[in-house]
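Enquirer: To be precise about what I am sending: the file is called run-v1.cif and holds mmCIF, C-alpha atoms.
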data_start
#
loop_
_atom_site.group_PDB
_atom_site.id
_atom_site.type_symbol
_atom_site.label_atom_id
_atom_site.label_comp_id
_atom_site.auth_asym_id
_atom_site.auth_seq_id
_atom_site.Cartn_x
_atom_site.Cartn_y
_atom_site.Cartn_z
ATOM 1 C CA MET A 1 202.012 285.425 -85.647
ATOM 2 C CA SER A 2 198.977 287.531 -86.514
ATOM 3 C CA GLU A 3 196.145 288.247 -84.120
ATOM 4 C CA THR A 4 193.680 286.448 -86.394
ATOM 5 C CA LEU A 5 195.747 283.252 -86.376
ATOM 6 C CA VAL A 6 196.044 283.335 -82.599
ATOM 7 C CA ARG A 7 192.261 283.680 -82.313
ATOM 8 C CA ILE A 8 191.714 280.793 -84.716
ATOM 9 C CA PHE A 9 194.229 278.642 -82.806
ATOM 10 C CA LEU A 10 192.159 279.259 -79.680
ATOM 11 C CA LEU A 11 188.847 278.624 -81.421
ATOM 12 C CA ILE A 12 189.684 275.395 -83.293
ATOM 13 C CA PRO A 13 190.422 273.202 -80.245
ATOM 14 C CA LEU A 14 187.447 274.818 -78.524
ATOM 15 C CA ALA A 15 185.226 273.862 -81.472
ATOM 16 C CA VAL A 16 186.369 270.243 -81.306
ATOM 17 C CA VAL A 17 185.797 269.924 -77.555
ATOM 18 C CA ILE A 18 182.508 271.852 -77.526
ATOM 19 C CA ALA A 19 181.190 269.900 -80.518
ATOM 20 C CA TYR A 20 181.950 266.631 -78.757
ATOM 21 C CA TYR A 21 180.305 267.626 -75.471
ATOM 22 C CA ASP A 22 177.323 269.332 -77.075
ATOM 23 C CA VAL A 23 176.596 266.471 -79.475
ATOM 24 C CA ARG A 24 177.247 263.723 -76.920
ATOM 25 C CA TYR A 25 175.762 265.232 -73.740
ATOM 26 C CA ARG A 26 173.828 268.305 -74.976
ATOM 27 C CA ARG A 27 175.757 270.345 -72.413
ATOM 28 C CA ILE A 28 178.572 272.864 -72.669
ATOM 29 C CA PRO A 29 180.784 272.604 -69.576
ATOM 30 C CA ASN A 30 181.409 275.958 -67.886
ATOM 31 C CA VAL A 31 185.145 275.252 -67.657
ATOM 32 C CA PHE A 32 185.439 275.490 -71.466
ATOM 33 C CA VAL A 33 183.370 278.661 -71.543
ATOM 34 C CA LEU A 34 185.530 280.215 -68.815
ATOM 35 C CA ALA A 35 188.739 279.191 -70.606
ATOM 36 C CA THR A 36 187.432 280.815 -73.784
ATOM 37 C CA LEU A 37 186.540 284.009 -71.935
ATOM 38 C CA ILE A 38 189.944 284.236 -70.239
ATOM 39 C CA GLY A 39 191.766 283.351 -73.471
ATOM 40 C CA GLY A 40 189.814 285.970 -75.412
ATOM 41 C CA VAL A 41 190.511 288.735 -72.919
ATOM 42 C CA ALA A 42 194.192 287.732 -72.771
ATOM 43 C CA ILE A 43 194.596 287.703 -76.568
ATOM 44 C CA ASN A 44 192.944 291.095 -76.895
ATOM 45 C CA ALA A 45 195.030 292.494 -74.011
ATOM 46 C CA ILE A 46 198.264 291.275 -75.595
ATOM 47 C CA PHE A 47 197.473 292.633 -79.054
ATOM 48 C CA GLY A 48 195.495 295.734 -78.081
ATOM 49 C CA GLY A 49 196.395 296.727 -74.535
ATOM 50 C CA LEU A 50 193.679 298.493 -72.570
ATOM 51 C CA ALA A 51 191.670 299.161 -75.742
ATOM 52 C CA GLY A 52 191.848 295.433 -76.505
ATOM 53 C CA ILE A 53 190.523 294.550 -73.061
ATOM 54 C CA THR A 54 187.716 297.073 -73.434
ATOM 55 C CA GLY A 55 186.807 295.697 -76.893
ATOM 56 C CA SER A 56 186.921 292.157 -75.548
ATOM 57 C CA LEU A 57 184.596 292.906 -72.638
ATOM 58 C CA ALA A 58 182.276 294.887 -74.920
ATOM 59 C CA GLY A 59 182.163 291.911 -77.308
ATOM 60 C CA CYS A 60 181.368 289.651 -74.374
ATOM 61 C CA GLY A 61 178.514 291.885 -73.247
ATOM 62 C CA LEU A 62 177.082 292.380 -76.715
ATOM 63 C CA GLY A 63 177.381 288.658 -77.471
ATOM 64 C CA PHE A 64 175.495 287.897 -74.275
ATOM 65 C CA VAL A 65 172.697 290.341 -75.124
ATOM 66 C CA LEU A 66 172.286 289.076 -78.705
ATOM 67 C CA MET A 67 172.094 285.413 -77.715
ATOM 68 C CA PHE A 68 170.027 286.102 -74.588
ATOM 69 C CA MET A 69 167.281 287.564 -76.784
ATOM 70 C CA LEU A 70 167.036 284.170 -78.499
ATOM 71 C CA HIS A 71 167.123 282.427 -75.121
ATOM 72 C CA VAL A 72 164.121 284.458 -73.941
ATOM 73 C CA PHE A 73 162.097 283.028 -76.830
ATOM 74 C CA GLY A 74 163.252 279.496 -76.014
ATOM 75 C CA ALA A 75 165.399 279.190 -79.121
ATOM 76 C CA MET A 76 168.705 278.913 -77.247
ATOM 77 C CA GLY A 77 169.926 277.221 -74.089
ATOM 78 C CA ALA A 78 171.752 279.026 -71.295
ATOM 79 C CA GLY A 79 175.016 277.251 -72.169
ATOM 80 C CA ASP A 80 174.781 278.621 -75.702
ATOM 81 C CA VAL A 81 174.284 282.135 -74.335
ATOM 82 C CA LYS A 82 177.360 281.837 -72.097
ATOM 83 C CA LEU A 83 179.421 280.321 -74.906
ATOM 84 C CA PHE A 84 178.561 283.105 -77.346
ATOM 85 C CA ALA A 85 179.376 285.731 -74.726
ATOM 86 C CA ALA A 86 182.785 284.093 -74.296
ATOM 87 C CA ILE A 87 183.221 284.005 -78.079
ATOM 88 C CA GLY A 88 182.495 287.744 -78.014
ATOM 89 C CA ALA A 89 185.475 288.136 -75.684
ATOM 90 C CA VAL A 90 187.634 286.425 -78.325
ATOM 91 C CA THR A 91 186.326 288.284 -81.375
ATOM 92 C CA GLY A 92 185.854 291.644 -79.684
ATOM 93 C CA ALA A 93 183.008 294.081 -80.158
ATOM 94 C CA GLN A 94 183.922 294.890 -83.781
ATOM 95 C CA LEU A 95 183.291 291.305 -84.978
ATOM 96 C CA ILE A 96 180.434 290.175 -82.749
ATOM 97 C CA VAL A 97 177.557 291.225 -85.032
ATOM 98 C CA PRO A 98 179.036 289.617 -88.188
ATOM 99 C CA THR A 99 179.881 286.560 -86.079
ATOM 100 C CA PHE A 100 176.302 286.439 -84.789
ATOM 101 C CA LEU A 101 174.981 286.485 -88.361
ATOM 102 C CA VAL A 102 177.375 283.735 -89.484
ATOM 103 C CA VAL A 103 176.446 281.651 -86.411
ATOM 104 C CA ILE A 104 172.729 282.056 -87.188
ATOM 105 C CA LEU A 105 173.328 280.958 -90.802
ATOM 106 C CA THR A 106 175.468 278.009 -89.657
ATOM 107 C CA GLY A 107 172.799 277.024 -87.143
ATOM 108 C CA GLY A 108 170.125 277.296 -89.810
ATOM 109 C CA LEU A 109 172.054 274.951 -92.067
ATOM 110 C CA LEU A 110 172.471 272.477 -89.197
ATOM 111 C CA ALA A 111 168.744 272.776 -88.467
ATOM 112 C CA VAL A 112 167.769 272.023 -92.060
ATOM 113 C CA VAL A 113 170.038 268.952 -92.121
ATOM 114 C CA SER A 114 168.644 267.815 -88.754
ATOM 115 C CA ILE A 115 165.020 268.315 -89.829
ATOM 116 C CA ILE A 116 165.503 266.365 -93.035
ATOM 117 C CA ARG A 117 167.461 263.613 -91.274
ATOM 118 C CA SER A 118 164.790 263.173 -88.592
ATOM 119 C CA GLY A 119 161.881 263.221 -91.049
ATOM 120 C CA MET A 120 160.212 266.140 -89.239
ATOM 121 C CA VAL A 121 159.911 268.591 -92.153
ATOM 122 C CA VAL A 122 156.105 268.938 -92.083
ATOM 123 C CA THR A 123 155.905 269.160 -88.277
ATOM 124 C CA THR A 124 158.680 271.749 -88.168
ATOM 125 C CA MET A 125 157.128 273.900 -90.888
ATOM 126 C CA HIS A 126 153.813 273.779 -89.038
ATOM 127 C CA ARG A 127 155.514 274.989 -85.846
ATOM 128 C CA VAL A 128 157.337 277.752 -87.712
ATOM 129 C CA LEU A 129 153.984 278.911 -89.076
ATOM 130 C CA GLN A 130 152.552 278.883 -85.533
ATOM 131 C CA ILE A 131 155.447 281.053 -84.353
ATOM 132 C CA PHE A 132 154.906 283.598 -87.136
ATOM 133 C CA VAL A 133 151.166 283.709 -86.440
ATOM 134 C CA GLY A 134 151.980 284.121 -82.734
ATOM 135 C CA MET A 135 153.852 287.333 -83.577
ATOM 136 C CA LEU A 136 150.722 288.945 -85.002
ATOM 137 C CA PRO A 137 148.813 291.387 -82.795
ATOM 138 C CA GLY A 138 146.190 289.606 -80.715
ATOM 139 C CA TRP A 139 147.735 286.179 -81.127
ATOM 140 C CA GLN A 140 149.703 284.333 -78.486
ATOM 141 C CA MET A 141 153.242 283.024 -79.060
ATOM 142 C CA PRO A 142 153.216 279.216 -78.756
ATOM 143 C CA LYS A 143 155.507 277.465 -76.276
ATOM 144 C CA PHE A 144 156.887 274.147 -77.411
ATOM 145 C CA ALA A 145 158.323 271.580 -75.028
ATOM 146 C CA VAL A 146 161.940 270.613 -75.580
ATOM 147 C CA PRO A 147 161.950 267.167 -77.208
ATOM 148 C CA VAL A 148 163.236 264.351 -75.027
ATOM 149 C CA ASP A 149 164.708 262.556 -78.043
ATOM 150 C CA ARG A 150 168.041 264.219 -78.920
ATOM 151 C CA ARG A 151 167.542 263.550 -82.608
ATOM 152 C CA TYR A 152 165.001 266.371 -82.595
ATOM 153 C CA THR A 153 167.295 268.998 -81.065
ATOM 154 C CA ILE A 154 170.285 270.865 -82.444
ATOM 155 C CA PRO A 155 173.586 271.032 -80.566
ATOM 156 C CA TYR A 156 173.935 274.777 -81.163
ATOM 157 C CA GLY A 157 177.407 274.917 -79.601
ATOM 158 C CA VAL A 158 178.611 273.358 -82.860
ATOM 159 C CA ALA A 159 177.095 276.204 -84.875
ATOM 160 C CA ILE A 160 178.492 278.799 -82.469
ATOM 161 C CA THR A 161 182.054 277.509 -82.595
ATOM 162 C CA LEU A 162 182.112 276.763 -86.342
ATOM 163 C CA GLY A 163 180.434 280.073 -87.137
ATOM 164 C CA SER A 164 182.928 281.960 -84.998
ATOM 165 C CA ILE A 165 185.879 280.324 -86.774
ATOM 166 C CA ILE A 166 184.382 281.139 -90.180
ATOM 167 C CA SER A 167 183.636 284.720 -89.136
ATOM 168 C CA THR A 168 187.106 285.270 -87.661
ATOM 169 C CA ALA A 169 188.725 283.977 -90.849
ATOM 170 C CA ILE A 170 186.527 286.065 -93.148
ATOM 171 C CA PHE A 171 186.102 289.329 -91.214
ATOM 172 C CA ARG A 172 189.574 289.952 -89.851
ATOM 173 C CA PRO A 173 189.653 292.873 -87.397
#
Now, as a test, write the supplied structure out as structure tokens.

Expert:
Amino acid sequence: MSETLVRIFLLIPLAVVIAYYDVRYRRIPNVFVLATLIGGVAINAIFGGLAGITGSLAGCGLGFVLMFMLHVFGAMGAGDVKLFAAIGAVTGAQLIVPTFLVVILTGGLLAVVSIIRSGMVVTTMHRVLQIFVGMLPGWQMPKFAVPVDRRYTIPYGVAITLGSIISTAIFRP
């Protein structure tokens, strides 16, 4: 069995479980994140030895840094950061940047569907404009409260797991 198939066989059940918990409870249990991390390191150790372990841990670290930057701006929850770091352990350092890009695109698609479904297109576009203006010199970045109503949030664990499966299938190591 190829390394890519083994990774996908780890990621598919993870995607199902994470999607359920993230959509239902808006939480990603640490036990699933830890299982992903351990599974990723083990897969990379089996197929790549010490170099595989090193690549797995580097992917974990890089995945953490990439997603943490979004967390700092309030765009991502801590569970999403931990999950993407664990996904980095599965994909390894060589696939983490393409995976990040696919996850961002997947999340964007989910966001557009969510915005249209909730009827918040005008409000969302206004907030996006405020964010861009906040990036200009002399302007302050706005802080928006997290909506209490779940219909106005995105379960990003779904985008992370689906995006990682897509990326692993497309960009084989």

Enquirer: What residues have an atom no more than 12 Å from (198.3, 285.4, -76.1) in the file's own frame, counting all atoms listed in the file, and can you write them as a list of chain:residue names?

Expert: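 It turns out the residues near that spot are A:Met1, A:Ser2, A:Glu3, A:Thr4, A:Leu5, A:Val6, A:Arg7, A:Ile8, A:Phe9, A:Leu10, A:Ile38, A:Gly39, A:Gly40, A:Val41, A:Ala42, A:Ile43, A:Asn44, A:Ala45, A:Ile46, A:Phe47, A:Gly48, A:Gly49, A:Gly52, A:Val90.
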
Enquirer: Would you work out the distance separating atom CA of A:Val33 from atom CA of A:Leu109, expressed in Å to one decimal?

Expert: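 Going from atom CA of A:Val33 over to atom CA of A:Leu109 covers 23.7 Å.
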
Enquirer: If I take atom CA of A:Ile160 and atom CA of A:Gly59, how far is one from the other in Å, to one decimal?

Expert: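 Separating atom CA of A:Ile160 from atom CA of A:Gly59 is a distance of 14.6 Å.
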
Enquirer: Can you tell me how far atom CA of A:Ala58 sits from atom CA of A:Gly108, in Å to one decimal?

Expert: 26.1 Å

Enquirer: Can you work out which one of A:Pro155, A:Val112, A:Leu37, A:Tyr20 has the shortest atom-to-atom distance to A:Leu57, counting all atoms listed in the file?

Expert: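 Checking each candidate against A:Leu57, we get A:Leu37 as the closest.
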
Enquirer: Please write the residues picked by the PyMOL selection byres ((chain A and resi 19) around 9) on this file as a list in words.

Expert: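 Selection result, ordered by chain and number: Leu14, Ala15, Val16, Val17, Ile18, Tyr20, Tyr21, Asp22, Val23, Arg24, Ile28, Pro155, Tyr156, Gly157, Val158, Ala159 and Thr161 of chain A.
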
Enquirer: Could the residues in this selection be written to a file with C-alpha atoms, as an mmCIF file, keeping the file's coordinate frame?

Expert:
data_model
loop_
_atom_site.group_PDB
_atom_site.id
_atom_site.type_symbol
_atom_site.label_atom_id
_atom_site.label_comp_id
_atom_site.auth_asym_id
_atom_site.auth_seq_id
_atom_site.Cartn_x
_atom_site.Cartn_y
_atom_site.Cartn_z
ATOM 1 C CA LEU A 14 187.447 274.818 -78.524
ATOM 2 C CA ALA A 15 185.226 273.862 -81.472
ATOM 3 C CA VAL A 16 186.369 270.243 -81.306
ATOM 4 C CA VAL A 17 185.797 269.924 -77.555
ATOM 5 C CA ILE A 18 182.508 271.852 -77.526
ATOM 6 C CA TYR A 20 181.950 266.631 -78.757
ATOM 7 C CA TYR A 21 180.305 267.626 -75.471
ATOM 8 C CA ASP A 22 177.323 269.332 -77.075
ATOM 9 C CA VAL A 23 176.596 266.471 -79.475
ATOM 10 C CA ARG A 24 177.247 263.723 -76.920
ATOM 11 C CA ILE A 28 178.572 272.864 -72.669
ATOM 12 C CA PRO A 155 173.586 271.032 -80.566
ATOM 13 C CA TYR A 156 173.935 274.777 -81.163
ATOM 14 C CA GLY A 157 177.407 274.917 -79.601
ATOM 15 C CA VAL A 158 178.611 273.358 -82.860
ATOM 16 C CA ALA A 159 177.095 276.204 -84.875
ATOM 17 C CA THR A 161 182.054 277.509 -82.595
#

Enquirer: Could you tell me which of A:Gly88, A:Pro98, A:Gly107, A:Gly61 comes closest to A:Ala75 if we count all atoms listed in the file?

Expert: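 Of the candidates, the smallest distance to A:Ala75 is held by A:Gly107.
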
Enquirer: A:Ile154, A:Ile131, A:Leu11, A:Val31: which is nearest A:Ser118, counting all atoms listed in the file?

Expert: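 Closest candidate: A:Ile154.
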
Enquirer: Between A:Pro137, A:Gly119, A:Gly92, A:Pro142, which residue has the minimum interatomic distance to A:Ser56, considering all atoms listed in the file?

Expert: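 Closest residue, counting all atoms listed in the file: A:Gly92.
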
Enquirer: Measuring atom to atom with all atoms listed in the file, identify which of A:Thr91, A:Gly74, A:Ala111, A:Pro13 is nearest to A:Met125.

Expert: A:Ala111

Enquirer: I need the residue set behind the PyMOL selection byres ((chain A and resi 80) around 9) for this file; please write it as a list in words.

Expert: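 Taken on the displayed file, the PyMOL selection byres ((chain A and resi 80) around 9) yields the residues Arg27, Ile28, Met67, Phe68, His71, Met76, Gly77, Ala78, Gly79, Val81, Lys82, Leu83, Phe84, Ala85, Tyr156, Gly157 and Ile160 of chain A.
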
Enquirer: Go ahead and write the residues just picked, C-alpha atoms, as an mmCIF file, in the coordinates of the input.

Expert:
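New file selection-v2.cif:
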data_model
loop_
_atom_site.group_PDB
_atom_site.id
_atom_site.type_symbol
_atom_site.label_atom_id
_atom_site.label_comp_id
_atom_site.auth_asym_id
_atom_site.auth_seq_id
_atom_site.Cartn_x
_atom_site.Cartn_y
_atom_site.Cartn_z
ATOM 1 C CA ARG A 27 175.757 270.345 -72.413
ATOM 2 C CA ILE A 28 178.572 272.864 -72.669
ATOM 3 C CA MET A 67 172.094 285.413 -77.715
ATOM 4 C CA PHE A 68 170.027 286.102 -74.588
ATOM 5 C CA HIS A 71 167.123 282.427 -75.121
ATOM 6 C CA MET A 76 168.705 278.913 -77.247
ATOM 7 C CA GLY A 77 169.926 277.221 -74.089
ATOM 8 C CA ALA A 78 171.752 279.026 -71.295
ATOM 9 C CA GLY A 79 175.016 277.251 -72.169
ATOM 10 C CA VAL A 81 174.284 282.135 -74.335
ATOM 11 C CA LYS A 82 177.360 281.837 -72.097
ATOM 12 C CA LEU A 83 179.421 280.321 -74.906
ATOM 13 C CA PHE A 84 178.561 283.105 -77.346
ATOM 14 C CA ALA A 85 179.376 285.731 -74.726
ATOM 15 C CA TYR A 156 173.935 274.777 -81.163
ATOM 16 C CA GLY A 157 177.407 274.917 -79.601
ATOM 17 C CA ILE A 160 178.492 278.799 -82.469
#

Enquirer: For A:Gly163, which of A:Thr99, A:Gln94, A:Thr123, A:Gln130 is the closest residue, counting only C-alpha atoms?

Expert: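 Nearest candidate to A:Gly163 out of A:Thr99, A:Gln94, A:Thr123, A:Gln130: A:Thr99.
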